file work09.cif (mmCIF, C-alpha atoms and all ligand atoms)
data_final
loop_
_atom_site.group_PDB
_atom_site.id
_atom_site.type_symbol
_atom_site.label_atom_id
_atom_site.label_comp_id
_atom_site.auth_asym_id
_atom_site.auth_seq_id
_atom_site.Cartn_x
_atom_site.Cartn_y
_atom_site.Cartn_z
ATOM 1 C CA MET G 1207 0.000 0.000 0.000
ATOM 2 C CA SER G 1208 2.951 2.240 -0.779
ATOM 3 C CA GLU G 1209 0.712 4.927 -2.319
ATOM 4 C CA LEU G 1210 -0.965 5.523 1.062
ATOM 5 C CA GLY G 1211 0.680 7.931 3.478
ATOM 6 C CA ASP G 1212 1.154 7.196 7.172
ATOM 7 C CA GLY G 1213 -1.942 7.776 9.301
ATOM 8 C CA CYS G 1214 -4.376 8.589 6.447
ATOM 9 C CA ILE G 1215 -6.986 5.891 7.289
ATOM 10 C CA GLN G 1216 -9.431 5.941 10.221
ATOM 11 C CA LEU G 1217 -10.808 2.383 9.930
ATOM 12 C CA MET G 1218 -9.847 -0.877 8.249
ATOM 13 C CA VAL G 1219 -12.605 -3.441 7.670
ATOM 14 C CA THR G 1220 -11.697 -6.650 5.901
ATOM 15 C CA SER G 1221 -11.879 -10.391 5.521
ATOM 16 C CA PRO G 1222 -8.700 -12.011 4.184
ATOM 17 C CA PRO G 1223 -8.358 -15.408 2.499
ATOM 18 C CA TYR G 1224 -8.520 -17.910 5.380
ATOM 19 C CA PRO G 1225 -5.341 -19.978 5.969
ATOM 20 C CA MET G 1226 -5.882 -23.774 5.740
ATOM 21 C CA VAL G 1227 -9.372 -23.430 4.254
ATOM 22 C CA ALA G 1228 -9.213 -25.428 1.007
ATOM 23 C CA MET G 1229 -10.930 -22.813 -1.198
ATOM 24 C CA TRP G 1230 -7.958 -20.456 -0.632
ATOM 25 C CA ASP G 1231 -5.110 -23.001 -1.145
ATOM 26 C CA GLU G 1232 -4.547 -22.004 -4.763
ATOM 27 C CA LEU G 1233 -4.428 -18.279 -3.953
ATOM 28 C CA PHE G 1234 -1.798 -18.812 -1.239
ATOM 29 C CA CYS G 1235 0.250 -21.000 -3.626
ATOM 30 C CA LYS G 1236 0.186 -18.275 -6.296
ATOM 31 C CA ALA G 1237 1.008 -15.591 -3.720
ATOM 32 C CA ASP G 1238 3.983 -17.366 -2.183
ATOM 33 C CA SER G 1239 6.156 -19.909 -4.010
ATOM 34 C CA THR G 1240 7.286 -21.437 -0.681
ATOM 35 C CA ILE G 1241 3.699 -22.570 -0.080
ATOM 36 C CA ALA G 1242 3.434 -23.904 -3.648
ATOM 37 C CA GLU G 1243 6.547 -26.026 -3.035
ATOM 38 C CA LEU G 1244 5.462 -27.249 0.401
ATOM 39 C CA TRP G 1245 2.135 -28.920 -0.579
ATOM 40 C CA PRO G 1246 3.792 -31.492 -2.940
ATOM 41 C CA LYS G 1247 6.491 -32.025 -0.298
ATOM 42 C CA LEU G 1248 3.754 -32.801 2.223
ATOM 43 C CA GLU G 1249 2.155 -35.302 -0.149
ATOM 44 C CA ALA G 1250 5.540 -37.004 -0.534
ATOM 45 C CA ASP G 1251 6.737 -37.070 3.084
ATOM 46 C CA GLY G 1252 3.472 -36.722 5.083
ATOM 47 C CA ASP G 1253 5.488 -34.800 7.673
ATOM 48 C CA TRP G 1254 3.374 -32.777 10.127
ATOM 49 C CA ALA G 1255 6.219 -30.226 10.406
ATOM 50 C CA THR G 1256 5.518 -29.391 6.763
ATOM 51 C CA VAL G 1257 1.864 -28.654 7.632
ATOM 52 C CA ARG G 1258 3.019 -26.246 10.329
ATOM 53 C CA LYS G 1259 5.377 -24.557 7.855
ATOM 54 C CA ILE G 1260 2.519 -24.101 5.343
ATOM 55 C CA TYR G 1261 0.299 -22.616 8.063
ATOM 56 C CA ASP G 1262 3.100 -20.285 9.257
ATOM 57 C CA THR G 1263 3.872 -19.103 5.731
ATOM 58 C CA MET G 1264 0.201 -18.361 4.988
ATOM 59 C CA HIS G 1265 0.074 -16.181 8.104
ATOM 60 C CA SER G 1266 3.353 -14.466 7.186
ATOM 61 C CA TYR G 1267 1.715 -13.471 3.877
ATOM 62 C CA LEU G 1268 -1.242 -11.915 5.721
ATOM 63 C CA ALA G 1269 1.045 -10.344 8.350
ATOM 64 C CA GLN G 1270 2.506 -8.005 5.719
ATOM 65 C CA VAL G 1271 -0.978 -6.536 5.256
ATOM 66 C CA TRP G 1272 -1.568 -6.166 9.016
ATOM 67 C CA ALA G 1273 1.781 -4.326 9.328
ATOM 68 C CA GLU G 1274 0.925 -1.960 6.456
ATOM 69 C CA THR G 1275 -2.506 -1.394 7.988
ATOM 70 C CA HIS G 1276 -0.855 -0.352 11.244
ATOM 71 C CA ARG G 1277 1.268 2.164 9.347
ATOM 72 C CA VAL G 1278 -1.592 3.749 7.397
ATOM 73 C CA LEU G 1279 -4.052 3.933 10.318
ATOM 74 C CA CYS G 1280 -4.256 7.198 12.234
ATOM 75 C CA ASP G 1281 -3.610 7.296 15.970
ATOM 76 C CA GLY G 1282 -6.664 5.672 17.561
ATOM 77 C CA GLY G 1283 -7.704 4.057 14.240
ATOM 78 C CA ILE G 1284 -9.383 0.655 14.373
ATOM 79 C CA ALA G 1285 -8.727 -2.542 12.413
ATOM 80 C CA ALA G 1286 -11.657 -4.987 12.152
ATOM 81 C CA ILE G 1287 -10.714 -8.392 10.722
ATOM 82 C CA ASN G 1288 -13.311 -11.035 9.941
ATOM 83 C CA ILE G 1289 -11.649 -14.462 10.122
ATOM 84 C CA GLY G 1290 -12.759 -18.045 10.602
ATOM 85 C CA ASP G 1291 -10.749 -20.864 12.105
ATOM 86 C CA ALA G 1292 -10.198 -23.922 9.907
ATOM 87 C CA THR G 1293 -10.511 -27.639 10.508
ATOM 88 C CA ARG G 1294 -8.734 -30.048 8.220
ATOM 89 C CA ASN G 1295 -7.985 -33.738 7.860
ATOM 90 C CA ILE G 1296 -4.419 -34.167 6.673
ATOM 91 C CA ASN G 1297 -2.871 -37.628 6.368
ATOM 92 C CA SER G 1298 -5.667 -39.012 8.575
ATOM 93 C CA LYS G 1299 -5.046 -36.469 11.321
ATOM 94 C CA PHE G 1300 -7.861 -34.035 12.089
ATOM 95 C CA GLN G 1301 -6.876 -30.656 13.500
ATOM 96 C CA LEU G 1302 -8.115 -27.149 14.214
ATOM 97 C CA PHE G 1303 -6.092 -24.280 12.789
ATOM 98 C CA PRO G 1304 -6.987 -21.350 15.086
ATOM 99 C CA ASN G 1305 -6.503 -18.493 12.626
ATOM 100 C CA HIS G 1306 -8.064 -15.981 15.014
ATOM 101 C CA SER G 1307 -5.445 -16.536 17.716
ATOM 102 C CA ARG G 1308 -2.567 -16.469 15.238
ATOM 103 C CA ILE G 1309 -3.728 -13.114 13.797
ATOM 104 C CA THR G 1310 -4.163 -11.727 17.314
ATOM 105 C CA GLU G 1311 -0.585 -12.686 18.218
ATOM 106 C CA VAL G 1312 0.776 -11.187 15.008
ATOM 107 C CA CYS G 1313 -1.166 -7.928 15.444
ATOM 108 C CA GLU G 1314 0.013 -7.554 19.045
ATOM 109 C CA LYS G 1315 3.627 -8.002 17.902
ATOM 110 C CA ILE G 1316 3.076 -5.308 15.268
ATOM 111 C CA GLY G 1317 1.979 -2.927 18.050
ATOM 112 C CA PHE G 1318 -1.820 -3.044 17.933
ATOM 113 C CA THR G 1319 -3.877 -3.099 21.132
ATOM 114 C CA THR G 1320 -6.281 -6.056 21.160
ATOM 115 C CA LEU G 1321 -9.895 -5.134 21.947
ATOM 116 C CA PRO G 1322 -12.819 -7.439 22.831
ATOM 117 C CA TYR G 1323 -13.908 -9.294 19.702
ATOM 118 C CA ILE G 1324 -17.250 -10.196 18.135
ATOM 119 C CA LEU G 1325 -18.404 -13.743 17.470
ATOM 120 C CA TRP G 1326 -20.407 -13.892 14.268
ATOM 121 C CA LYS G 1327 -22.771 -16.821 14.701
ATOM 122 C CA LYS G 1328 -24.220 -17.955 11.411
ATOM 123 C CA PRO G 1329 -27.581 -19.624 11.945
ATOM 124 C CA THR G 1330 -27.024 -22.993 10.264
ATOM 125 C CA THR G 1331 -29.337 -24.199 7.529
ATOM 126 C CA LYS G 1332 -27.460 -27.474 7.180
ATOM 127 C CA PRO G 1333 -29.343 -30.702 7.727
ATOM 128 C CA THR G 1334 -28.382 -32.367 10.995
ATOM 129 C CA TYR G 1335 -27.385 -35.909 11.943
ATOM 130 C CA LYS G 1336 -29.406 -38.025 9.463
ATOM 131 C CA GLY G 1337 -28.683 -35.662 6.596
ATOM 132 C CA LYS G 1338 -25.018 -35.922 7.772
ATOM 133 C CA GLY G 1339 -24.404 -32.183 7.294
ATOM 134 C CA ALA G 1340 -23.771 -30.354 10.507
ATOM 135 C CA PHE G 1341 -21.990 -32.742 12.855
ATOM 136 C CA LEU G 1342 -18.603 -34.298 12.347
ATOM 137 C CA GLY G 1343 -17.854 -37.569 14.071
ATOM 138 C CA SER G 1344 -19.747 -40.466 15.525
ATOM 139 C CA GLY G 1345 -23.383 -39.433 15.817
ATOM 140 C CA PHE G 1346 -24.687 -39.869 19.361
ATOM 141 C CA LEU G 1347 -21.766 -41.900 20.756
ATOM 142 C CA PRO G 1348 -19.035 -40.360 22.909
ATOM 143 C CA PRO G 1349 -16.190 -39.473 22.898
ATOM 144 C CA ASN G 1350 -14.861 -38.968 19.356
ATOM 145 C CA ALA G 1351 -17.142 -36.367 17.795
ATOM 146 C CA TYR G 1352 -16.043 -32.823 16.995
ATOM 147 C CA ILE G 1353 -17.624 -29.432 17.663
ATOM 148 C CA THR G 1354 -19.049 -27.758 14.555
ATOM 149 C CA LEU G 1355 -17.433 -24.434 13.662
ATOM 150 C CA ASP G 1356 -20.513 -22.272 13.325
ATOM 151 C CA CYS G 1357 -18.963 -18.987 14.488
ATOM 152 C CA GLU G 1358 -16.468 -16.722 12.817
ATOM 153 C CA PHE G 1359 -14.506 -13.979 14.555
ATOM 154 C CA ILE G 1360 -14.487 -10.260 14.013
ATOM 155 C CA LEU G 1361 -11.219 -9.295 15.652
ATOM 156 C CA LEU G 1362 -10.827 -5.688 16.732
ATOM 157 C CA PHE G 1363 -7.555 -3.853 17.226
ATOM 158 C CA ARG G 1364 -6.655 -0.247 17.930
ATOM 159 C CA LYS G 1365 -3.530 1.636 16.966
ATOM 160 C CA GLY G 1366 -2.321 3.844 19.785
ATOM 161 C CA LYS G 1367 -4.590 5.776 22.133
ATOM 162 C CA LEU G 1368 -8.333 6.526 21.956
ATOM 163 C CA ARG G 1369 -9.249 9.054 19.285
ATOM 164 C CA LYS G 1370 -9.990 12.591 20.453
ATOM 165 C CA PHE G 1371 -12.608 14.941 18.985
ATOM 166 C CA GLU G 1372 -13.395 18.590 19.611
ATOM 167 C CA PRO G 1373 -16.618 19.095 21.682
ATOM 168 C CA TYR G 1374 -19.833 18.782 19.621
ATOM 169 C CA HIS G 1375 -17.951 17.638 16.521
ATOM 170 C CA THR G 1376 -20.783 17.924 13.945
ATOM 171 C CA LYS G 1377 -19.959 14.903 11.780
ATOM 172 C CA ARG G 1378 -19.501 12.739 14.859
ATOM 173 C CA TYR G 1379 -22.952 13.690 16.132
ATOM 174 C CA GLU G 1380 -24.446 13.108 12.665
ATOM 175 C CA SER G 1381 -22.936 9.601 12.758
ATOM 176 C CA ALA G 1382 -24.615 8.600 16.029
ATOM 177 C CA PHE G 1383 -26.406 5.248 16.319
ATOM 178 C CA THR G 1384 -29.630 4.586 18.233
ATOM 179 C CA LYS G 1385 -29.861 2.945 21.665
ATOM 180 C CA THR G 1386 -31.283 -0.231 20.103
ATOM 181 C CA GLN G 1387 -28.413 -0.334 17.611
ATOM 182 C CA ARG G 1388 -25.856 0.260 20.359
ATOM 183 C CA ASP G 1389 -27.282 -2.491 22.563
ATOM 184 C CA GLU G 1390 -27.233 -4.999 19.708
ATOM 185 C CA TRP G 1391 -24.050 -3.978 17.892
ATOM 186 C CA PHE G 1392 -21.859 -3.773 21.018
ATOM 187 C CA SER G 1393 -22.873 -7.199 22.354
ATOM 188 C CA GLN G 1394 -20.426 -9.977 21.673
ATOM 189 C CA ILE G 1395 -22.537 -12.374 19.614
ATOM 190 C CA TRP G 1396 -23.969 -11.329 16.281
ATOM 191 C CA ALA G 1397 -26.447 -13.782 14.776
ATOM 192 C CA ILE G 1398 -26.462 -12.780 11.116
ATOM 193 C CA LYS G 1399 -27.181 -15.091 8.185
ATOM 194 C CA GLY G 1400 -24.079 -15.854 6.094
ATOM 195 C CA ILE G 1401 -23.907 -15.017 2.412
ATOM 196 C CA ARG G 1402 -24.223 -18.710 1.522
ATOM 197 C CA GLN G 1403 -27.713 -18.510 2.942
ATOM 198 C CA THR G 1404 -28.667 -15.238 1.272
ATOM 199 C CA SER G 1405 -26.793 -14.574 -1.977
ATOM 200 C CA GLY G 1406 -25.550 -15.771 -5.324
ATOM 201 C CA GLU G 1407 -22.617 -17.608 -6.895
ATOM 202 C CA LEU G 1408 -20.233 -14.657 -7.151
ATOM 203 C CA GLU G 1409 -20.507 -13.827 -3.465
ATOM 204 C CA ARG G 1410 -19.899 -17.490 -2.666
ATOM 205 C CA ARG G 1411 -16.773 -17.547 -4.843
ATOM 206 C CA THR G 1412 -15.249 -14.660 -2.883
ATOM 207 C CA ALA G 1413 -16.640 -15.802 0.498
ATOM 208 C CA ALA G 1414 -18.276 -12.375 0.761
ATOM 209 C CA TYR G 1415 -19.646 -11.213 4.077
ATOM 210 C CA PRO G 1416 -23.176 -9.807 4.271
ATOM 211 C CA ASP G 1417 -23.678 -6.028 3.977
ATOM 212 C CA GLU G 1418 -24.928 -6.013 7.595
ATOM 213 C CA ILE G 1419 -21.471 -6.953 8.944
ATOM 214 C CA ALA G 1420 -19.724 -4.140 7.044
ATOM 215 C CA GLU G 1421 -22.505 -1.669 7.877
ATOM 216 C CA ARG G 1422 -22.316 -2.252 11.636
ATOM 217 C CA LEU G 1423 -18.504 -2.046 11.741
ATOM 218 C CA ILE G 1424 -18.322 1.099 9.624
ATOM 219 C CA ARG G 1425 -20.988 2.864 11.690
ATOM 220 C CA MET G 1426 -19.498 1.690 15.020
ATOM 221 C CA PHE G 1427 -15.906 2.688 14.350
ATOM 222 C CA SER G 1428 -15.840 5.612 11.920
ATOM 223 C CA VAL G 1429 -17.430 8.997 11.438
ATOM 224 C CA LYS G 1430 -19.117 10.295 8.258
ATOM 225 C CA GLY G 1431 -16.562 11.744 5.833
ATOM 226 C CA GLU G 1432 -13.698 9.558 7.146
ATOM 227 C CA THR G 1433 -11.764 6.988 5.139
ATOM 228 C CA VAL G 1434 -12.194 3.228 5.368
ATOM 229 C CA LEU G 1435 -9.670 0.753 3.966
ATOM 230 C CA ASP G 1436 -10.356 -2.782 2.718
ATOM 231 C CA PRO G 1437 -7.112 -4.434 1.601
ATOM 232 C CA PHE G 1438 -8.989 -7.589 0.463
ATOM 233 C CA LEU G 1439 -12.008 -6.217 -1.433
ATOM 234 C CA GLY G 1440 -13.348 -9.487 -2.872
ATOM 235 C CA SER G 1441 -16.742 -8.652 -4.372
ATOM 236 C CA GLY G 1442 -16.611 -5.101 -2.955
ATOM 237 C CA THR G 1443 -19.065 -5.340 -0.039
ATOM 238 C CA THR G 1444 -17.089 -2.943 2.204
ATOM 239 C CA ALA G 1445 -16.764 -0.429 -0.633
ATOM 240 C CA LYS G 1446 -20.473 -0.419 -1.408
ATOM 241 C CA VAL G 1447 -21.496 -0.088 2.246
ATOM 242 C CA ALA G 1448 -18.885 2.611 2.961
ATOM 243 C CA ILE G 1449 -20.177 4.765 0.099
ATOM 244 C CA LYS G 1450 -23.792 4.279 1.232
ATOM 245 C CA ASN G 1451 -22.790 5.460 4.709
ATOM 246 C CA GLU G 1452 -20.978 8.582 3.508
ATOM 247 C CA ARG G 1453 -17.470 7.315 4.137
ATOM 248 C CA ASN G 1454 -14.574 7.370 1.663
ATOM 249 C CA ILE G 1455 -13.199 3.977 0.722
ATOM 250 C CA ILE G 1456 -9.816 2.760 -0.479
ATOM 251 C CA GLY G 1457 -9.660 -0.888 -1.469
ATOM 252 C CA TYR G 1458 -7.339 -3.426 -3.057
ATOM 253 C CA GLU G 1459 -8.102 -6.640 -4.930
ATOM 254 C CA SER G 1460 -5.516 -8.884 -6.573
ATOM 255 C CA ASP G 1461 -7.992 -10.942 -8.642
ATOM 256 C CA LEU G 1462 -8.731 -8.860 -11.742
ATOM 257 C CA THR G 1463 -11.655 -11.108 -12.713
ATOM 258 C CA LEU G 1464 -13.541 -9.518 -9.783
ATOM 259 C CA LEU G 1465 -13.291 -6.025 -11.241
ATOM 260 C CA SER G 1466 -16.708 -6.100 -12.944
ATOM 261 C CA THR G 1467 -18.360 -7.483 -9.783
ATOM 262 C CA ILE G 1468 -16.813 -4.758 -7.644
ATOM 263 C CA THR G 1469 -17.849 -2.079 -10.160
ATOM 264 C CA GLN G 1470 -21.392 -3.484 -10.309
ATOM 265 C CA LYS G 1471 -21.679 -3.602 -6.516
ATOM 266 C CA ILE G 1472 -20.687 -0.008 -5.997
ATOM 267 C CA GLN G 1473 -22.550 1.376 -9.032
ATOM 268 C CA GLN G 1474 -25.910 1.961 -7.326
ATOM 269 C CA ALA G 1475 -24.341 3.339 -4.135
ATOM 270 C CA LYS G 1476 -22.232 5.634 -6.280
ATOM 271 C CA ILE G 1477 -25.274 7.025 -8.111
ATOM 272 C CA ASP G 1478 -27.372 7.364 -4.940
ATOM 273 C CA MET G 1479 -24.625 9.178 -3.051
ATOM 274 C CA ALA G 1480 -23.181 11.125 -6.032
ATOM 275 C CA ALA G 1481 -19.796 9.649 -5.142
ATOM 276 C CA THR G 1482 -16.619 9.734 -7.215
ATOM 277 C CA VAL G 1483 -14.911 6.422 -7.821
ATOM 278 C CA GLU G 1484 -11.478 5.866 -9.298
ATOM 279 C CA ILE G 1485 -10.314 2.396 -10.294
ATOM 280 C CA VAL G 1486 -6.576 2.005 -10.782
ATOM 281 C CA LYS G 1487 -5.151 -1.114 -12.425
ATOM 282 C CA ARG G 1488 -1.591 -1.793 -11.386
ATOM 283 C CA LEU G 1489 0.159 -4.801 -12.879
HETATM 284 C C1 LIG G 1501 -12.442 -13.439 1.678
HETATM 285 S S1 LIG G 1501 -12.291 -12.522 0.213
HETATM 286 C C2 LIG G 1501 -12.993 -10.961 0.642
HETATM 287 C C3 LIG G 1501 -14.493 -10.973 0.565
HETATM 288 C C4 LIG G 1501 -15.107 -9.599 0.776
HETATM 289 N N1 LIG G 1501 -15.157 -9.236 2.201
HETATM 290 C C5 LIG G 1501 -16.523 -9.536 0.206
HETATM 291 O O1 LIG G 1501 -17.482 -9.257 0.950
HETATM 292 O O2 LIG G 1501 -16.673 -9.799 -0.997
HETATM 293 C C6 LIG G 1501 -10.569 -12.181 0.145
HETATM 294 C C7 LIG G 1501 -10.136 -11.499 -1.154
HETATM 295 O O3 LIG G 1501 -8.773 -11.083 -1.000
HETATM 296 C C8 LIG G 1501 -8.151 -11.116 -2.276
HETATM 297 N N2 LIG G 1501 -6.687 -11.058 -2.076
HETATM 298 C C9 LIG G 1501 -5.858 -12.013 -1.643
HETATM 299 N N3 LIG G 1501 -4.584 -11.568 -1.547
HETATM 300 C C10 LIG G 1501 -4.628 -10.263 -1.910
HETATM 301 C C11 LIG G 1501 -3.648 -9.224 -1.983
HETATM 302 N N4 LIG G 1501 -2.359 -9.452 -1.695
HETATM 303 N N5 LIG G 1501 -4.028 -7.999 -2.378
HETATM 304 C C12 LIG G 1501 -5.328 -7.751 -2.685
HETATM 305 N N6 LIG G 1501 -6.313 -8.691 -2.633
HETATM 306 C C13 LIG G 1501 -5.956 -9.928 -2.252
HETATM 307 C C14 LIG G 1501 -8.696 -12.389 -2.882
HETATM 308 O O4 LIG G 1501 -8.571 -12.403 -4.295
HETATM 309 C C15 LIG G 1501 -10.158 -12.380 -2.405
HETATM 310 O O5 LIG G 1501 -11.010 -11.826 -3.372
#

call {"tool": "encode", "arguments": {"input": "work09.cif", "output": "structure tokens"}}
result
Amino acid sequence: MSELGDGCIQLMVTSPPYPMVAMWDELFCKADSTIAELWPKLEADGDWATVRKIYDTMHSYLAQVWAETHRVLCDGGIAAINIGDATRNINSKFQLFPNHSRITEVCEKIGFTTLPYILWKKPTTKPTYKGKGAFLGSGFLPPNAYITLDCEFILLFRKGKLRKFEPYHTKRYESAFTKTQRDEWFSQIWAIKGIRQTSGELERRTAAYPDEIAERLIRMFSVKGETVLDPFLGSGTTAKVAIKNERNIIGYESDLTLLSTITQKIQQAKIDMAATVEIVKRL
């Protein structure tokens, strides 16, 4: 994000590719040749140390973005990262990869202050036991079944001290939320339907989050007229919601095939809000 100056962003809202979730394997391989070399090595030697190396390298890739985010955030700026843990069976060994704790450790090392996080509970529409969808393991018999991962995390970090505003800052007052919104948004569990349950193929391909997630975070942690960053735009949900809520948005997406989806998503918001949008292709 070399074109962004230090401290020019008030809020980062994003969801990165999830380490050790199969749908993102190819992306991580393309992004880092070490990972591309390690998967075939793992198939050949079956060594669990190789799995750990793959996991570490995936997080090192993401860590570069968390470090840049820290640089571009203003003092008191917030980073909100939606991440899910992963479970995977590798060489007949089943394991949890706790992405949320790894990102927390990395962000603390970078210098962020960790804040209480949100658990996004997706009401499941999967069939249960007899349909064999929701539960992994041995039905009703103890002790070898596994817990279903039906929550994702929205990790929250702050750079530096609390932000300060002059008394009766107009834009801040115009950005206020209601008591009902405050009571719901600032509680730890958010039960919001996932995009799989509500949207189409393109959103599924990018593992998009619902507008409601971006909307709450943007309204909770930024003021109208401020600038939001999404370093992993995907289908452009954060961009669309930021524009609709009178925030500026800067976003990055490495997959050029998503350009038309992103443009489409922000088109209506752009017209409604008379916003200016600039798309820069950098190869
Ligand atoms: C989980 S998706 C984001 C979904 C998004 N929140 C939405 O609602 O559509 C992660 C995105 O990050 C993109 N990505 C991965 N590495 C990137 C990088 N280094 N720079 C920019 N985008 C990247 C992927 O192509 C993918 O579209």

call {"tool": "residues_near_ligand", "arguments": {"input": "work09.cif", "ligand": "ligand LIG 1501 (chain G)", "cutoff": "10 Å", "atoms": "only C-alpha atoms and all ligand atoms", "output": "VMD selection string"}}
result
chain G and resid 1207 1219 to 1224 1229 to 1230 1233 to 1234 1236 to 1237 1267 to 1268 1270 to 1271 1287 to 1289 1401 1408 to 1417 1419 to 1420 1436 to 1446 1457 to 1464 1467 to 1468 1471

call {"tool": "atom_distance", "arguments": {"input": "work09.cif", "atom1": "CA of Met1226 in chain G", "atom2": "CA of Ile1241 in chain G"}}
result
11.3 Å

call {"tool": "residues_around", "arguments": {"input": "work09.cif", "residues": "range 1366-1372 of chain G", "least_positions_apart": "3", "cutoff": "12 Å", "atoms": "only C-alpha atoms", "output": "PyMOL selection string"}}
result
chain G and resi 1213+1216-1217+1276-1277+1279-1285+1314+1316-1321+1363+1375-1379+1427-1429

call {"tool": "atom_distance", "arguments": {"input": "work09.cif", "atom1": "CA of Leu1302 in chain G", "atom2": "CA of Gly1290 in chain G"}}
result
10.8 Å

call {"tool": "closest_residue", "arguments": {"input": "work09.cif", "among": "G:Glu1311, G:Glu1209, G:Asp1389, G:Glu1249", "to": "Leu1361 in chain G", "atoms": "all atoms listed in the file"}}
result
G:Glu1311

call {"tool": "resolve_selection", "arguments": {"input": "work09.cif", "expression": "the PyMOL selection byres (((chain G and resi 1397) around 9) and not hetatm)", "output": "ChimeraX atom specification"}}
result
/G:1325-1329,1395-1396,1398-1399

call {"tool": "residues_around", "arguments": {"input": "work09.cif", "residues": "Thr1482 in chain G", "least_positions_apart": "3", "cutoff": "12 Å", "atoms": "all atoms listed in the file", "output": "PyMOL selection string"}}
result
chain G and resi 1449+1452-1456+1472-1473+1475-1479+1485

call {"tool": "residues_around", "arguments": {"input": "work09.cif", "residues": "Leu1355 in chain G", "least_positions_apart": "4", "cutoff": "9 Å", "atoms": "only C-alpha atoms", "output": "number ranges by chain"}}
result
G: 1290-1293

call {"tool": "atom_distance", "arguments": {"input": "work09.cif", "atom1": "CA of Cys1313 in chain G", "atom2": "CA of Trp1272 in chain G"}}
result
6.7 Å

call {"tool": "closest_residue", "arguments": {"input": "work09.cif", "among": "G:Glu1390, G:Thr1240, G:Ala1269, G:Met1218", "to": "Leu1362 in chain G", "atoms": "only C-alpha atoms"}}
result
G:Met1218

call {"tool": "resolve_selection", "arguments": {"input": "work09.cif", "expression": "the PyMOL selection byres (((chain G and resi 1259) around 12) and not hetatm)", "output": "number ranges by chain"}}
result
G: 1225-1226, 1240-1245, 1247-1248, 1253-1258, 1260-1266

call {"tool": "closest_residue", "arguments": {"input": "work09.cif", "among": "G:Ala1228, G:Ile1309, G:Leu1347, G:Arg1364", "to": "Ile1296 in chain G", "atoms": "only C-alpha atoms"}}
result
G:Ala1228

call {"tool": "axis_aligned_box", "arguments": {"input": "work09.cif", "around": "range 1389-1393 of chain G", "padding_each_side": "5 Å", "output": "JSON"}}
result
{"center_x": -24.6, "center_y": -4.8, "center_z": 20.2, "size_x": 15.4, "size_y": 14.7, "size_z": 14.7}

call {"tool": "closest_residue", "arguments": {"input": "work09.cif", "among": "G:Gly1345, G:Thr1354, G:Lys1487, G:Gly1252", "to": "Lys1299 in chain G", "atoms": "all atoms listed in the file"}}
result
G:Gly1252
